[in-house]
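**Q** Please find data.txt (compact mmCIF, C-alpha atoms) on the next line:
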# COMPACT_ATOMS: atom_id res chain seq x y z
CA MET P 980 -3.94 25.70 64.85
CA THR P 981 -6.64 28.13 63.76
CA LEU P 982 -6.93 28.10 59.98
CA PRO P 983 -7.37 31.38 58.08
CA GLU P 984 -10.75 32.19 56.62
CA THR P 985 -11.32 31.13 53.03
CA ARG P 986 -12.86 33.99 51.06
CA TYR P 987 -14.15 34.29 47.52
CA ALA P 988 -13.62 37.06 44.99
CA ARG P 989 -15.77 37.22 41.85
CA ASN P 990 -14.18 37.53 38.43
CA ASN P 991 -16.70 37.70 35.59
CA GLY P 992 -19.03 35.31 37.37
CA LEU P 993 -16.28 32.93 38.54
CA HIS P 994 -15.47 32.47 42.22
CA VAL P 995 -11.76 32.62 43.05
CA ALA P 996 -10.83 31.37 46.53
CA TYR P 997 -8.15 33.05 48.60
CA GLN P 998 -6.77 33.34 52.14
CA LEU P 999 -4.77 35.98 54.01
CA VAL P 1000 -2.18 34.93 56.57
CA GLY P 1001 -0.30 37.29 58.90
CA ASP P 1002 -0.48 41.02 59.35
CA GLY P 1003 3.04 42.24 58.60
CA PRO P 1004 3.79 45.52 56.82
CA VAL P 1005 4.69 43.89 53.49
CA ASP P 1006 2.04 42.37 51.22
CA VAL P 1007 3.22 39.07 49.73
CA VAL P 1008 1.46 36.99 47.07
CA LEU P 1009 2.61 33.37 47.30
CA LEU P 1010 2.41 31.27 44.12
CA THR P 1011 3.48 27.78 45.20
CA GLN P 1012 2.71 26.02 41.91
CA TRP P 1013 0.34 26.16 38.94
CA PHE P 1014 -2.09 24.22 41.17
CA SER P 1015 -3.07 24.57 44.83
CA ASN P 1016 -5.75 23.93 47.42
CA ILE P 1017 -5.73 26.64 50.05
CA ASP P 1018 -7.74 24.51 52.49
CA SER P 1019 -5.78 21.26 52.34
CA GLN P 1020 -2.35 22.93 52.08
CA TRP P 1021 -2.41 23.19 55.88
CA ASP P 1022 -2.30 19.38 56.08
CA VAL P 1023 1.21 19.40 54.53
CA PRO P 1024 3.45 20.43 57.48
CA PRO P 1025 6.49 21.83 55.60
CA LEU P 1026 4.23 23.84 53.26
CA ALA P 1027 2.27 25.23 56.21
CA ALA P 1028 5.52 26.06 58.02
CA PHE P 1029 6.82 27.93 54.95
CA ILE P 1030 3.70 30.08 54.77
CA HIS P 1031 3.96 30.94 58.46
CA ARG P 1032 7.63 31.89 58.02
CA LEU P 1033 6.70 34.37 55.30
CA ALA P 1034 3.86 35.65 57.48
CA ARG P 1035 6.36 36.70 60.16
CA PHE P 1036 7.27 39.76 58.09
CA GLY P 1037 4.33 40.10 55.72
CA ARG P 1038 0.66 39.68 55.02
CA VAL P 1039 0.57 36.62 52.77
CA LEU P 1040 -2.10 36.19 50.10
CA ILE P 1041 -2.64 32.66 48.74
CA PHE P 1042 -5.27 31.86 46.14
CA ASP P 1043 -6.51 28.97 44.01
CA LYS P 1044 -6.50 29.83 40.32
CA ARG P 1045 -9.71 29.03 38.51
CA GLY P 1046 -9.89 25.33 37.72
CA THR P 1047 -7.84 24.34 40.78
CA GLY P 1048 -8.43 23.80 44.48
CA VAL P 1049 -11.64 25.27 45.91
CA SER P 1050 -12.10 27.89 43.19
CA ASP P 1051 -14.70 27.33 40.50
CA PRO P 1052 -13.81 24.39 38.21
CA VAL P 1053 -13.30 24.65 34.48
CA PRO P 1054 -13.22 21.84 31.90
CA ALA P 1055 -9.77 20.32 31.41
CA SER P 1056 -10.23 20.95 27.69
CA GLU P 1057 -10.69 24.68 28.33
CA LEU P 1058 -7.90 25.53 30.75
CA PRO P 1059 -7.42 29.26 31.37
CA SER P 1060 -4.61 31.14 29.71
CA ILE P 1061 -1.85 32.89 31.67
CA GLU P 1062 -3.72 36.16 31.03
CA GLU P 1063 -6.91 34.78 32.60
CA TRP P 1064 -4.99 33.55 35.64
CA MET P 1065 -3.45 37.01 35.87
CA ASP P 1066 -6.99 38.40 35.98
CA ASP P 1067 -7.69 36.06 38.90
CA LEU P 1068 -4.63 37.42 40.69
CA ARG P 1069 -5.68 41.04 40.17
CA THR P 1070 -9.19 40.16 41.35
CA VAL P 1071 -8.08 38.66 44.67
CA MET P 1072 -5.59 41.49 45.24
CA ASP P 1073 -8.37 44.04 44.72
CA ASP P 1074 -10.80 42.11 46.90
CA SER P 1075 -8.28 41.92 49.77
CA GLY P 1076 -7.27 45.58 49.47
CA ILE P 1077 -3.76 44.89 48.20
CA HIS P 1078 -2.57 47.40 45.64
CA ARG P 1079 1.12 46.45 45.45
CA ALA P 1080 2.72 43.18 46.52
CA VAL P 1081 5.85 41.07 46.44
CA LEU P 1082 5.33 38.04 44.18
CA VAL P 1083 6.99 34.86 45.45
CA ALA P 1084 6.76 32.07 42.88
CA ASN P 1085 8.11 28.54 42.44
CA LEU P 1086 8.81 26.42 39.34
CA ALA P 1087 5.92 26.61 36.80
CA SER P 1088 4.04 29.30 38.73
CA SER P 1089 6.90 31.61 37.76
CA PHE P 1090 5.49 31.84 34.21
CA MET P 1091 2.53 33.87 35.41
CA ALA P 1092 4.65 35.82 37.92
CA MET P 1093 7.04 37.01 35.21
CA VAL P 1094 4.28 38.04 32.80
CA PHE P 1095 2.33 39.75 35.58
CA ALA P 1096 5.39 41.71 36.75
CA ALA P 1097 6.08 42.85 33.18
CA THR P 1098 2.45 43.75 32.47
CA TYR P 1099 1.51 45.39 35.78
CA PRO P 1100 4.75 46.79 37.28
CA ALA P 1101 2.82 49.32 39.37
CA ARG P 1102 1.24 46.42 41.27
CA VAL P 1103 4.48 44.54 41.94
CA ARG P 1104 6.83 45.69 44.69
CA ALA P 1105 9.35 42.96 43.91
CA LEU P 1106 9.57 39.61 42.12
CA VAL P 1107 11.13 36.58 43.82
CA MET P 1108 11.35 33.30 41.92
CA VAL P 1109 12.60 30.00 43.32
CA ASN P 1110 13.92 27.49 40.76
CA PRO P 1111 12.00 29.07 37.85
CA TYR P 1112 12.32 28.49 34.11
CA PRO P 1113 11.24 30.71 31.17
CA ARG P 1114 10.44 27.68 29.02
CA PHE P 1115 10.37 23.97 29.76
CA THR P 1116 11.58 22.35 26.56
CA ARG P 1117 14.91 22.62 24.76
CA ALA P 1118 15.43 24.78 21.68
CA ASP P 1119 18.32 25.50 19.32
CA ASP P 1120 19.07 28.67 21.30
CA TYR P 1121 18.05 27.22 24.66
CA PRO P 1122 19.96 24.05 25.62
CA TRP P 1123 18.73 23.57 29.22
CA GLY P 1124 15.18 22.32 28.64
CA PHE P 1125 13.82 18.82 28.22
CA ASP P 1126 14.02 17.19 24.80
CA ALA P 1127 10.66 17.74 23.07
CA GLY P 1128 11.00 14.22 21.72
CA ASN P 1129 10.42 12.94 25.26
CA PHE P 1130 7.05 14.63 25.53
CA ASP P 1131 5.13 11.34 25.54
CA LEU P 1132 7.33 10.05 28.36
CA ILE P 1133 6.66 13.18 30.40
CA MET P 1134 2.92 12.83 29.88
CA GLU P 1135 3.03 9.17 30.86
CA ARG P 1136 4.99 9.99 34.02
CA THR P 1137 2.37 12.59 34.94
CA ARG P 1138 -0.43 10.12 34.32
CA ARG P 1139 1.31 7.46 36.40
CA THR P 1140 2.38 9.57 39.38
CA TRP P 1141 -0.22 12.33 39.71
CA GLY P 1142 -1.91 12.10 43.10
CA LYS P 1143 0.87 9.83 44.34
CA GLY P 1144 3.32 12.47 45.50
CA MET P 1145 4.49 13.48 42.03
CA LEU P 1146 5.94 16.81 43.19
CA LEU P 1147 8.03 15.21 45.90
CA ARG P 1148 9.30 12.50 43.56
CA GLN P 1149 10.44 15.03 40.98
CA PHE P 1150 11.35 18.11 42.98
CA ALA P 1151 11.95 17.20 46.63
CA PRO P 1152 13.94 13.95 46.94
CA SER P 1153 15.01 14.70 50.51
CA LEU P 1154 11.40 14.34 51.68
CA LEU P 1155 10.62 10.96 50.12
CA ALA P 1156 11.79 9.01 53.18
CA ASP P 1157 8.88 10.47 55.17
CA ALA P 1158 6.06 8.08 54.24
CA THR P 1159 3.44 10.10 56.13
CA LEU P 1160 4.39 13.28 54.30
CA VAL P 1161 4.25 11.50 50.92
CA LYS P 1162 0.69 10.40 51.72
CA ARG P 1163 -0.33 13.91 52.76
CA GLU P 1164 1.25 15.50 49.68
CA SER P 1165 -0.44 12.88 47.50
CA ARG P 1166 -3.83 13.79 48.94
CA TYR P 1167 -3.04 17.47 48.50
CA GLU P 1168 -2.31 16.90 44.79
CA ARG P 1169 -5.59 15.06 44.31
CA GLN P 1170 -7.54 17.80 46.07
CA ALA P 1171 -5.76 20.53 44.10
CA ALA P 1172 -6.41 19.24 40.58
CA SER P 1173 -7.92 16.26 38.79
CA PRO P 1174 -5.75 13.92 36.69
CA GLY P 1175 -7.24 15.37 33.51
CA THR P 1176 -6.38 18.90 34.60
CA ALA P 1177 -2.85 17.79 35.55
CA LEU P 1178 -2.30 16.25 32.13
CA ALA P 1179 -3.72 19.30 30.33
CA MET P 1180 -1.50 21.61 32.40
CA THR P 1181 1.59 19.49 31.72
CA ARG P 1182 0.84 19.76 28.01
CA MET P 1183 0.39 23.54 28.25
CA ILE P 1184 3.60 24.01 30.29
CA ASN P 1185 5.56 22.30 27.55
CA LEU P 1186 4.38 24.94 25.07
CA ILE P 1187 5.01 28.10 27.12
CA ASP P 1188 7.97 30.36 26.35
CA VAL P 1189 8.21 33.71 28.16
CA ARG P 1190 11.81 34.56 27.28
CA SER P 1191 10.70 37.62 25.31
CA VAL P 1192 9.13 39.02 28.49
CA LEU P 1193 12.34 39.00 30.56
CA PRO P 1194 13.92 42.24 29.25
CA THR P 1195 10.66 44.10 29.94
CA ILE P 1196 10.61 43.28 33.66
CA THR P 1197 11.55 46.45 35.53
CA VAL P 1198 10.68 45.59 39.14
CA PRO P 1199 13.39 44.46 41.62
CA THR P 1200 13.93 40.77 40.90
CA MET P 1201 15.66 37.93 42.72
CA VAL P 1202 16.22 34.46 41.29
CA ILE P 1203 17.00 31.65 43.75
CA SER P 1204 18.41 28.31 42.61
CA ARG P 1205 19.51 25.16 44.39
CA ALA P 1206 23.14 24.25 43.76
CA ASP P 1207 22.36 20.65 42.75
CA PRO P 1208 18.81 20.70 41.39
CA SER P 1209 17.07 17.34 41.26
CA ALA P 1210 15.17 17.80 38.00
CA VAL P 1211 15.48 21.17 36.26
CA PRO P 1212 19.04 22.36 35.43
CA ALA P 1213 20.32 25.54 37.08
CA GLY P 1214 20.97 26.99 33.61
CA HIS P 1215 17.29 27.98 33.50
CA ARG P 1216 17.76 30.23 36.53
CA ARG P 1217 20.98 31.80 35.31
CA TYR P 1218 19.33 32.56 31.97
CA ILE P 1219 16.51 34.45 33.71
CA ALA P 1220 18.91 36.38 35.95
CA ASP P 1221 21.05 37.29 32.93
CA HIS P 1222 18.07 38.60 30.95
CA VAL P 1223 16.21 40.57 33.65
CA HIS P 1224 17.95 43.89 34.15
CA GLY P 1225 19.51 44.16 37.61
CA ALA P 1226 18.26 40.76 38.77
CA ARG P 1227 19.97 39.27 41.79
CA TYR P 1228 21.00 35.62 41.52
CA VAL P 1229 21.30 33.51 44.70
CA GLU P 1230 22.42 29.90 44.87
CA LEU P 1231 21.58 27.82 47.93
CA ALA P 1232 22.86 24.39 48.90
CA GLY P 1233 20.72 21.33 48.24
CA ALA P 1234 18.80 19.49 45.55
CA ASP P 1235 15.17 20.19 46.47
CA GLU P 1236 13.41 22.46 44.00
CA LEU P 1237 10.15 22.91 45.88
CA MET P 1238 10.66 26.15 47.76
CA TRP P 1239 9.19 24.69 50.96
CA ALA P 1240 11.52 21.69 50.93
CA GLY P 1241 15.05 21.70 52.29
CA ASP P 1242 16.48 24.53 54.39
CA GLN P 1243 13.55 26.93 54.75
CA ASP P 1244 15.40 29.26 57.10
CA ALA P 1245 18.09 30.00 54.52
CA LEU P 1246 15.60 30.58 51.71
CA VAL P 1247 13.15 32.72 53.69
CA GLY P 1248 16.13 34.65 55.07
CA GLU P 1249 17.15 35.58 51.53
CA VAL P 1250 13.59 36.60 50.64
CA GLN P 1251 13.11 38.70 53.76
CA GLU P 1252 16.45 40.47 53.35
CA PHE P 1253 15.72 41.21 49.69
CA VAL P 1254 12.27 42.60 50.50
CA THR P 1255 12.87 44.38 53.82
CA GLY P 1256 16.64 44.89 53.97
CA ALA P 1257 17.01 42.81 57.13
CA ARG P 1258 17.26 39.09 57.83
CA PRO P 1259 14.95 37.47 60.40
CA VAL P 1260 16.20 37.47 63.98
CA ALA P 1261 16.52 34.03 65.52
CA GLU P 1262 13.92 33.46 68.21
CA PRO P 1263 15.41 32.68 71.63
CA ASP P 1264 14.65 29.28 73.12
CA ARG P 1265 15.32 30.23 76.73
CA VAL P 1266 12.65 30.08 79.40
CA LEU P 1267 12.54 32.69 82.16
CA ALA P 1268 10.93 31.27 85.28
CA THR P 1269 10.33 33.25 88.45
CA ILE P 1270 10.43 31.43 91.79
CA LEU P 1271 7.77 32.96 94.02
CA PHE P 1272 8.05 32.98 97.81
CA THR P 1273 5.24 34.15 100.08
CA ASP P 1274 6.33 36.07 103.16
CA ILE P 1275 4.06 34.59 105.80
CA VAL P 1276 5.27 35.38 109.34
CA GLY P 1277 7.92 32.89 110.36
CA SER P 1278 8.08 31.19 106.95
CA THR P 1279 10.57 33.23 104.92
CA ARG P 1280 13.66 31.51 106.33
CA LEU P 1281 12.09 28.06 105.79
CA ALA P 1282 11.07 28.98 102.17
CA VAL P 1283 14.54 30.17 101.24
CA HIS P 1284 15.99 27.03 102.77
CA ILE P 1285 13.64 24.80 100.74
CA GLY P 1286 14.42 26.73 97.53
CA ALA P 1287 18.15 26.28 98.06
CA ARG P 1288 17.79 22.54 98.75
CA VAL P 1289 15.58 21.95 95.68
CA SER P 1290 17.93 23.95 93.44
CA ALA P 1291 20.88 21.89 94.65
CA LEU P 1292 19.24 18.75 93.22
CA ALA P 1293 19.12 20.17 89.67
CA SER P 1294 21.62 19.11 87.02
CA ALA P 1295 23.08 21.44 84.38
CA SER P 1296 20.41 23.35 82.38
CA GLU P 1297 17.65 21.83 84.51
CA VAL P 1298 15.03 23.80 86.46
CA LEU P 1299 13.52 22.06 89.50
CA VAL P 1300 10.67 23.37 91.65
CA SER P 1301 8.56 22.12 94.51
CA SER P 1302 4.89 21.27 94.11
CA THR P 1303 4.07 24.54 95.86
CA VAL P 1304 5.64 26.55 93.04
CA ARG P 1305 3.86 24.44 90.42
CA ASP P 1306 0.52 25.18 92.03
CA LEU P 1307 1.27 28.90 92.20
CA VAL P 1308 1.92 29.11 88.42
CA ALA P 1309 -1.10 27.05 87.40
CA GLY P 1310 -2.55 28.36 84.13
CA SER P 1311 0.71 29.94 83.01
CA GLY P 1312 1.33 27.43 80.22
CA LEU P 1313 4.38 25.97 81.96
CA HIS P 1314 4.61 22.17 82.05
CA PHE P 1315 6.31 19.98 84.62
CA GLU P 1316 7.51 16.40 84.95
CA ASP P 1317 7.22 14.63 88.30
CA ARG P 1318 10.61 13.64 89.74
CA GLY P 1319 9.18 12.00 92.87
CA SER P 1320 9.37 12.98 96.53
CA ARG P 1321 12.70 13.83 98.15
CA GLU P 1322 14.09 14.40 101.60
CA LEU P 1323 15.57 17.88 101.90
CA LYS P 1324 18.39 18.29 104.38
CA GLY P 1325 17.33 20.35 107.37
CA VAL P 1326 13.64 20.45 106.25
CA PRO P 1327 10.96 18.27 107.88
CA ASP P 1328 8.86 15.77 105.87
CA ARG P 1329 9.36 14.72 102.23
CA TRP P 1330 8.88 17.20 99.37
CA ARG P 1331 7.61 16.49 95.85
CA VAL P 1332 10.06 17.76 93.23
CA LEU P 1333 9.12 18.59 89.61
CA ALA P 1334 11.21 19.52 86.57
CA LEU P 1335 10.21 22.30 84.16
CA ILE P 1336 10.06 20.63 80.73
CA ASP P 1337 8.91 23.55 78.56
CA GLY P 1338 7.41 26.99 78.77
For this file, produce the structure as structure tokens.

**A**
Amino acid sequence: MTLPETRYARNNGLHVAYQLVGDGPVDVVLLTQWFSNIDSQWDVPPLAAFIHRLARFGRVLIFDKRGTGVSDPVPASELPSIEEWMDDLRTVMDDSGIHRAVLVANLASSFMAMVFAATYPARVRALVMVNPYPRFTRADDYPWGFDAGNFDLIMERTRRTWGKGMLLRQFAPSLLADATLVKRESRYERQAASPGTALAMTRMINLIDVRSVLPTITVPTMVISRADPSAVPAGHRRYIADHVHGARYVELAGADELMWAGDQDALVGEVQEFVTGARPVAEPDRVLATILFTDIVGSTRLAVHIGARVSALASASEVLVSSTVRDLVAGSGLHFEDRGSRELKGVPDRWRVLALIDG
């Protein structure tokens, strides 16, 4: 797989890394989390597959906010504000020639997406949020958050599990059985942010409250929630949908809260329909193979006879050819499996038979 080029945009002397994937008619900004590493994300197969699914209908922009991934680092004690990260987003959009885009955000990255959509509506075509929340902790008028009294436990859990697949353990339980994936996601976390940055971000997330922003969002908005969320109650999502005028609320089966975990086809189908008005068309898995006969004088009857005899050996849904056909389609990308030599009734000698295994 050829990886997209990593580019850098400059924002007041800071270098912000970004990539563009796909060339569809819709510009999409993907905000997977508050942290990222646009180089090592391609080593996490379901995350890479999710990006490519979005790229089937759009041009996808992914970037590392300052202090994360391969963008310029910042001290953990001086983490950027949401406004500064919004400046990074505007910078990479300008640098890549994107004036107006669909924002697709997940979990904590939705904080910035909501504020950006409210502040710069002319630059947002639509806002799509998967398992978002407007604040993380509980309040007298907000019963769905975590108890602020458990803050020390949350910090300790972050300290203990960061770089060890923390996101999967909290937000994608269906993927934990894949030991190789857990290792890859663990490495991705470590390459995206240091433990000190992760702890500082966890502390900051617990203090954010963007509920006052919701009524000011005027762009088309869709909120997607899993029916049985593993960590963050669905009440967060319903609250956002209820307080953003005209927002569409969609509930999908499953417990995984990472947008690239679980049934990607269902989720991307909802996003594509919301953005373009049409769901993706399933790609056919049929292979069309042409059997080529050469009309050399006196050979046509023999060739047709051989073709009929080889075809008669095939079972249901199987395509068999002779070695002659395989040689004629060399370089086509078709692959064959040797089924040995056979005697063909009415044809002299033995003939090597091969099965088409993919195209």

**Q** Measuring between only C-alpha atoms, which one of P:Leu1132, P:Ala988, P:Val1000, P:Val1247 shows the shortest distance to Arg1038 of chain P?

**A**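 For Arg1038 of chain P, the nearest of the candidates is P:Val1000.
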
**Q** Box for segment 1222-1228 of chain P: with edges along x, y and z, all listed atoms inside and 6 Å added on each side, what are the centre and edge lengths in Å to one decimal, as JSON?

**A**
{"center_x": 18.6, "center_y": 39.9, "center_z": 36.4, "size_x": 16.8, "size_y": 20.5, "size_z": 22.8}

**Q** Nearest residue to Ala1080 of chain P out of P:Ala1028, P:Leu1058, P:Ile1219, P:Val1254, using all atoms listed in the file?

**A**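 Smallest separation from Ala1080 of chain P among the options: P:Val1254.
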
**Q** Near Arg1079 of chain P, counting only C-alpha atoms, which residues have an atom at most 10 Å away, once you skip same-chain residues fewer than 3 positions from it, shown as a list in words?

**A**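 Near Arg1079 of chain P, the qualifying residues are Val1005, Asp1006, Val1007, Val1008, Met1072, Asp1073, Gly1076, Leu1082, Tyr1099, Pro1100, Ala1101, Arg1102, Val1103, Arg1104 and Ala1105 of chain P.
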
**Q** If you measure from atom CA of Arg1045 of chain P to atom CA of Ile1061 of chain P, what distance in Å do you get, rounded to one decimal?

**A**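 Distance between the two atoms: 11.1 Å.
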
**Q** Rounded to one decimal in Å, what is the spacing between atom CA of Leu999 of chain P and atom CA of Leu1147 of chain P?

**A** 25.7 Å

**Q** When distances are computed from only C-alpha atoms, which of P:Asp1002, P:Asp1018, P:Glu1236, P:Glu1062 shows the smallest separation from Ala1151 of chain P?

**A**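 For Ala1151 of chain P, the nearest of the given residues is P:Glu1236.
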
**Q** I want to know what sits within 9 Å of Leu1106 of chain P, based on all atoms listed in the file, with residues of the same chain fewer than 2 positions away left out; could you give that as a list in words?

**A** Ala1080, Val1081, Leu1082, Val1083, Ala1084, Ala1092, Met1093, Ala1096, Val1103, Arg1104, Met1108, Val1198, Pro1199, Thr1200, Met1201 and Val1202 of chain P

**Q** If I take atom CA of Thr1116 of chain P and atom CA of Thr1098 of chain P, how far is one from the other in Å, to one decimal?

**A** 24.0 Å

**Q** Check the smallest atom-to-atom distance from each of P:Val1023, P:Ile1336, P:Ala1055, P:Ile1203 to Glu1168 of chain P using all atoms listed in the file, then report the winner.

**A**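 Of the candidates, the smallest distance to Glu1168 of chain P is held by P:Val1023.
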
**Q** Determine, counting all atoms listed in the file, which protein, DNA and RNA residues have an atom within 7 Å of an atom of Asp1043 of chain P; residues of the same chain fewer than 2 positions away are not included. Present the result as a list in words.

**A**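 Answer for this query is Val995, Ala996, Tyr997, Ser1015, Asn1016, Ile1017, Arg1045, Thr1047, Gly1048, Val1049 and Ser1050 of chain P.
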
**Q** Which one of P:Ile1133, P:Ile1041, P:Val1109, P:Ala1027 sits closest to Tyr1228 of chain P if you count all atoms listed in the file?

**A** P:Val1109

**Q** With only C-alpha atoms as the basis for distance, which of P:Ala1334, P:Gly1325, P:Gly1046, P:Pro1208 is at the shortest distance from Val1298 of chain P?

**A**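 The shortest atom-to-atom distance to Val1298 of chain P comes from P:Ala1334.
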
**Q** Using only C-alpha atoms, which protein or nucleic acid residues come within 9 Å of Arg1163 of chain P? Drop anything in the same chain fewer than 2 positions from it, and give the result as JSON, numbers by chain.

**A** {"P": [1022, 1023, 1024, 1144, 1158, 1159, 1160, 1161, 1165, 1166, 1167, 1168]}
